[in-house]
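A.B. asks: Quick one: this structure, given as structure tokens, is what I'll be asking you about.
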Protein chains: 4
Amino acid sequence: MQDNKPNTNWKHRLHEIIYEADTNAGKIFDIILLILIIASIILVMLESVKSFDRQHHQFLLAAEWVITIFFSIEYIARIISVKKPKRYIFSFYGIIDLLSTIPLYLSYFIAGSQVLIAVRAFRLMRVFRILKLARYIGESNQLLNALKASRRKISVFLFGMLIMSVIFGTLMYLIESDESGFTSIPRSIYWCIVTLTTVGYGDIAPATTLGQLLATVIMILGYGIIAVPTGIVSAEYASAKKNIDTNTQACPHCLSEHHKDNAKHCYNCGNLLNE
Amino acid sequence: MQDNKPNTNWKHRLHEIIYEADTNAGKIFDIILLILIIASIILVMLESVKSFDRQHHQFLLAAEWVITIFFSIEYIARIISVKKPKRYIFSFYGIIDLLSTIPLYLSYFIAGSQVLIAVRAFRLMRVFRILKLARYIGESNQLLNALKASRRKISVFLFGMLIMSVIFGTLMYLIESDESGFTSIPRSIYWCIVTLTTVGYGDIAPATTLGQLLATVIMILGYGIIAVPTGIVSAEYASAKKNIDTNTQACPHCLSEHHKDNAKHCYNCGNLLNE
Amino acid sequence: MQDNKPNTNWKHRLHEIIYEADTNAGKIFDIILLILIIASIILVMLESVKSFDRQHHQFLLAAEWVITIFFSIEYIARIISVKKPKRYIFSFYGIIDLLSTIPLYLSYFIAGSQVLIAVRAFRLMRVFRILKLARYIGESNQLLNALKASRRKISVFLFGMLIMSVIFGTLMYLIESDESGFTSIPRSIYWCIVTLTTVGYGDIAPATTLGQLLATVIMILGYGIIAVPTGIVSAEYASAKKNIDTNTQACPHCLSEHHKDNAKHCYNCGNLLNE
Amino acid sequence: MQDNKPNTNWKHRLHEIIYEADTNAGKIFDIILLILIIASIILVMLESVKSFDRQHHQFLLAAEWVITIFFSIEYIARIISVKKPKRYIFSFYGIIDLLSTIPLYLSYFIAGSQVLIAVRAFRLMRVFRILKLARYIGESNQLLNALKASRRKISVFLFGMLIMSVIFGTLMYLIESDESGFTSIPRSIYWCIVTLTTVGYGDIAPATTLGQLLATVIMILGYGIIAVPTGIVSAEYASAKKNIDTNTQACPHCLSEHHKDNAKHCYNCGNLLNE
């Protein structure tokens, strides 16, 4: 994305600072933004702690205004400096940037004593600022590719787990009484997933002998089938890695790569690899 | 299963719509059936939520009748259109289709105010309609094959876990008193499986120092041996994948195998693979 | 262990029935023994359920006597028929057989109303009869070998987990108060292992913010390091499998096996494998 | 580190005993030190059990003094015998050695009835003596290398989990009320990590239908993504193992590599590997 031709245009300079990181100004801008995003997330968290909010309400509000103003300026600067503003505004990060800026403004427009709690909810959306952090992680793509390669098989696996949860959840609803917490089928299915994934809160737990027997079967199933997604990702990741690791030799004739480790002749042109 | 010869017979047409999915009518039929199955499962779930059932009882009953009538028609149509009706009726899906259709009818024949709850249980069997969904999943076979290949080793593993549960469960019953929840050996074994599979409800938990020490050993065992099924499935899946992905072609000159998928020349003797 | 020479000696016949399974009588004996072992374990379990024991005490006592007498006869027959009785008596299975036979007799010799409960503990030892079942599983060796190969690395891993538990357990004891359940360091270590292994009973749970922060670190550590034993067993199992699966060809000259998949010459004698 | 030239200097002899383990005196010193470290850790643990401390307070104090005096002598001896004392004092093990020695002395200097509990905290630092044990484990390096190789990918994975926890924690805070335990965002994030890692204490658990639905999604995510670190470590460990285990010899005639470990002849050209 680096532009080598000389420019005097201030828009172009702004674009370089905001969107690129190969100038000193650009690097400093990125680091300040990163710190502000993390600071704003911590502020939202502290605000939700009632005892802290009561004592330091004025400080939290002031800090919130500072961050909101900075984010507003940044948002406007991004729109101005980009060549196709509409494309940015409706892109994933454009929407995230807007959503993480507006909550404080919204709390004044949609004011009123009784909707105050709902407005707080709007303000809490600022937590989505955390998604901005994803921009700074490039390596995550490698992991996402590994997950994408095994996506279909994991979907089938999850679908199978869902069917099992519905069937076992219904059976548990029939076996257990309301006292144990199995008050409806959706709740029983919720319990079944809690058990299958080996989370096990214990807020709902079988009390009858038959219920405990079935619970035992579900637990062992959950314990056993955890091997399936692990095995899939493991094998996919290993095979992806293997394709990278093999023979780094290039054919001296046709320049094709990725030969077998013990290849003598090029698999593409048939000439000897080592002459 | 596709029949290419022209047919005017309505039975044959019906068969094509119901059992096959390569005509437009067949595809629409399948999608409607899929939606109705999911709708019927959601209805059963909502019915089990007492507060919802009290408010919308009339709606739930009406919707239930609509689905039951559709399923009845479908069941009769399947029997009529198939060449060997008996074979369908006693097949796995034939029984599932029947069981998911009859509960509402049964609730009228075996009526009486006191057996109403038991009849509700019959109606809940309709949840097994979800098994019909399996028909639409072809890829699940691949996963099932991976599980089948490691079936014997997983059985041995589960058997070992069962023996461990019986021994540790009995020891915990001797160590812990009734107050902690270890009231009988089966209950202690239930606790032991809850712990070994790392579910950990906490409805039963050791209170004595010796009991907590033994519980610690069981937990670490459970945590350690989860590696065994995962390792087995992982290795089986990886070896299955390797066998599927490779080129099965043999060089016509030197007979060497396992060429790269896009190989033109033999990597061993250099001759063309396809002449 | 099969003896081919003709024999008329009844001791030899008895030995064949009890210790071997290649005659019809031997097979039937093994199956009856297997059923009785499982039955005796179920009886011990039912006896521990107070409500069941109160109602069917006479039946349980009678059934217990039948099994004890059969086990006594079996134990004596094993001693008579074997050539070196002492070696059998002091072998692992000899001791298990004795321990699973004597409890009922002991309850008469060491009688007295106040020691009855302790004697019941002796009787519960009969659960160890389940270990006899291991005799019937030959395939378990394969799994045990896989575990043995990675034994040292898993020991180091478990030792590291223990050190982590001691350090984190002590820190949590300092951070959390008695009210949350962290009453002593051993109890805090117990909690730490419950958390690291992702069991999570919830009988002890951090209540302070700092405690919850540290708990979060421990959980993520536990979740992350579960990958280590799984990875080890996975890799060991895969490499063991690979050694078995390779080239089944035997050298026509020196009969050595396990050649590389693409070998032309025998790695042992140097002759061509295919002539 | 072994010094072969003859020496009469007592400092050198002391250095050999304390820092090296190839003389008899050195071995005995190491074993005594190991036993004392474990004993001191057990003492600290027992001291924290109130009922035990009340009964055996005098014994615990005496044993504590014996160990502290031995550790003091050891610490001074280490400083005297080493050539560069400053380097030892400020090394990792130097600081650990000091911290595990001073608590008992400190409890007399910073005395006073009201700060006694805080001083106890100092004394508990002796638990860090356990870190000294790490010295005796050489094999742990292998495991640490496996973890180091996959360190970056696991960091990205943990960072992704943290983002998910913040987003889902905030959503749960909005959905659930204070009664279920979701009193602040940090607490909701704590709950979210408890769920994602499948620990599941149950001290905080969703009570509303929407909350339980979202919890279900979080659980399945946590169950699914556990496959990622396992797959990474598994693949890294397997590739590390493969590189270590193979024969590194090359055929002197045709230069082919990766011979079987017990190969005498080259599998490619048939000549002897060692001539």
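Letters A, B, ... go to the chains of the structure tokens in the order shown; residues in each chain start at 1; ligands are counted from 1 in the same order.
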Kindly provide, as a ChimeraX atom specification, the residues of chain B having any atom no farther than 10 Å from an atom of chain D, counting only C-alpha atoms.
C.D. replies: /B:198-202,227,230-231,234
A.B. asks: Just C-alpha atoms for this one: save the residues we selected as an mmCIF file, in the first residue's frame.
C.D. replies:
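The file below, result.cif, is the result:
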data_model
loop_
_atom_site.group_PDB
_atom_site.id
_atom_site.type_symbol
_atom_site.label_atom_id
_atom_site.label_comp_id
_atom_site.auth_asym_id
_atom_site.auth_seq_id
_atom_site.Cartn_x
_atom_site.Cartn_y
_atom_site.Cartn_z
ATOM 1 C CA THR B 198 -13.757 -33.294 34.136
ATOM 2 C CA VAL B 199 -17.474 -32.343 34.172
ATOM 3 C CA GLY B 200 -17.496 -31.632 37.943
ATOM 4 C CA TYR B 201 -21.066 -30.623 38.902
ATOM 5 C CA GLY B 202 -20.215 -30.119 42.556
ATOM 6 C CA ALA B 227 -5.049 -37.679 25.774
ATOM 7 C CA THR B 230 -7.725 -37.910 21.293
ATOM 8 C CA GLY B 231 -4.407 -39.412 20.261
ATOM 9 C CA SER B 234 -6.037 -38.050 15.689
#
A.B. asks: Find the spatial neighbours of B:Ile175, counting only C-alpha atoms, within a cut-off of 8 Å - ignore same-chain residues fewer than 6 positions away - and output them as an NGL selection string.
C.D. replies: :B and (208 or 210-211)
A.B. asks: Suppose we keep all heavy atoms; can you now write the selection as an mmCIF file, in the first residue's frame?
C.D. replies:
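Saved as part.cif:
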data_model
loop_
_atom_site.group_PDB
_atom_site.id
_atom_site.type_symbol
_atom_site.label_atom_id
_atom_site.label_comp_id
_atom_site.auth_asym_id
_atom_site.auth_seq_id
_atom_site.Cartn_x
_atom_site.Cartn_y
_atom_site.Cartn_z
ATOM 1 N N THR B 208 -13.517 -34.583 53.384
ATOM 2 C CA THR B 208 -12.383 -34.956 54.229
ATOM 3 C C THR B 208 -11.075 -34.749 53.472
ATOM 4 O O THR B 208 -11.051 -34.692 52.247
ATOM 5 C CB THR B 208 -12.475 -36.433 54.650
ATOM 6 O OG1 THR B 208 -12.366 -37.220 53.470
ATOM 7 C CG2 THR B 208 -13.785 -36.724 55.337
ATOM 8 N N LEU B 210 -8.473 -36.837 53.265
ATOM 9 C CA LEU B 210 -8.125 -38.045 52.511
ATOM 10 C C LEU B 210 -8.950 -38.125 51.226
ATOM 11 O O LEU B 210 -8.432 -38.467 50.161
ATOM 12 C CB LEU B 210 -8.369 -39.286 53.390
ATOM 13 C CG LEU B 210 -7.775 -40.592 52.874
ATOM 14 C CD1 LEU B 210 -6.270 -40.477 52.745
ATOM 15 C CD2 LEU B 210 -8.126 -41.748 53.808
ATOM 16 N N GLY B 211 -10.254 -37.800 51.342
ATOM 17 C CA GLY B 211 -11.137 -37.817 50.171
ATOM 18 C C GLY B 211 -10.676 -36.820 49.125
ATOM 19 O O GLY B 211 -10.680 -37.129 47.928
#
A.B. asks: Excluding C:Ile32 and residues on its chain fewer than 6 positions from it, collect all residues at most 12 Å away from it, counting only C-alpha atoms, and give them as an MDAnalysis selection string.
C.D. replies: chainID C and resid 17:18 25:26 38:39 67 70:71 74
A.B. asks: Record the distance separating atom CA of D:Pro85 and atom CA of D:Ile35, expressed in Å with one decimal.
C.D. replies: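 According to the coordinates, atom CA of D:Pro85 and atom CA of D:Ile35 are separated by 25.7 Å.
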A.B. asks: So that I can see what lies close to stretch 149-165 of chain A, please list as a list of chain:residue names the residues with an atom at most 6 Å from it, counting only C-alpha atoms and leaving out residues fewer than 4 positions away in the same chain.
C.D. replies: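 Returned residues: A:Gly169, A:Ile189, A:Cys192.
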A.B. asks: Go ahead and compute the interatomic distance for atom CA of A:Tyr108 and atom CA of A:Gly94, in Å to one decimal.
C.D. replies: 22.8 Å
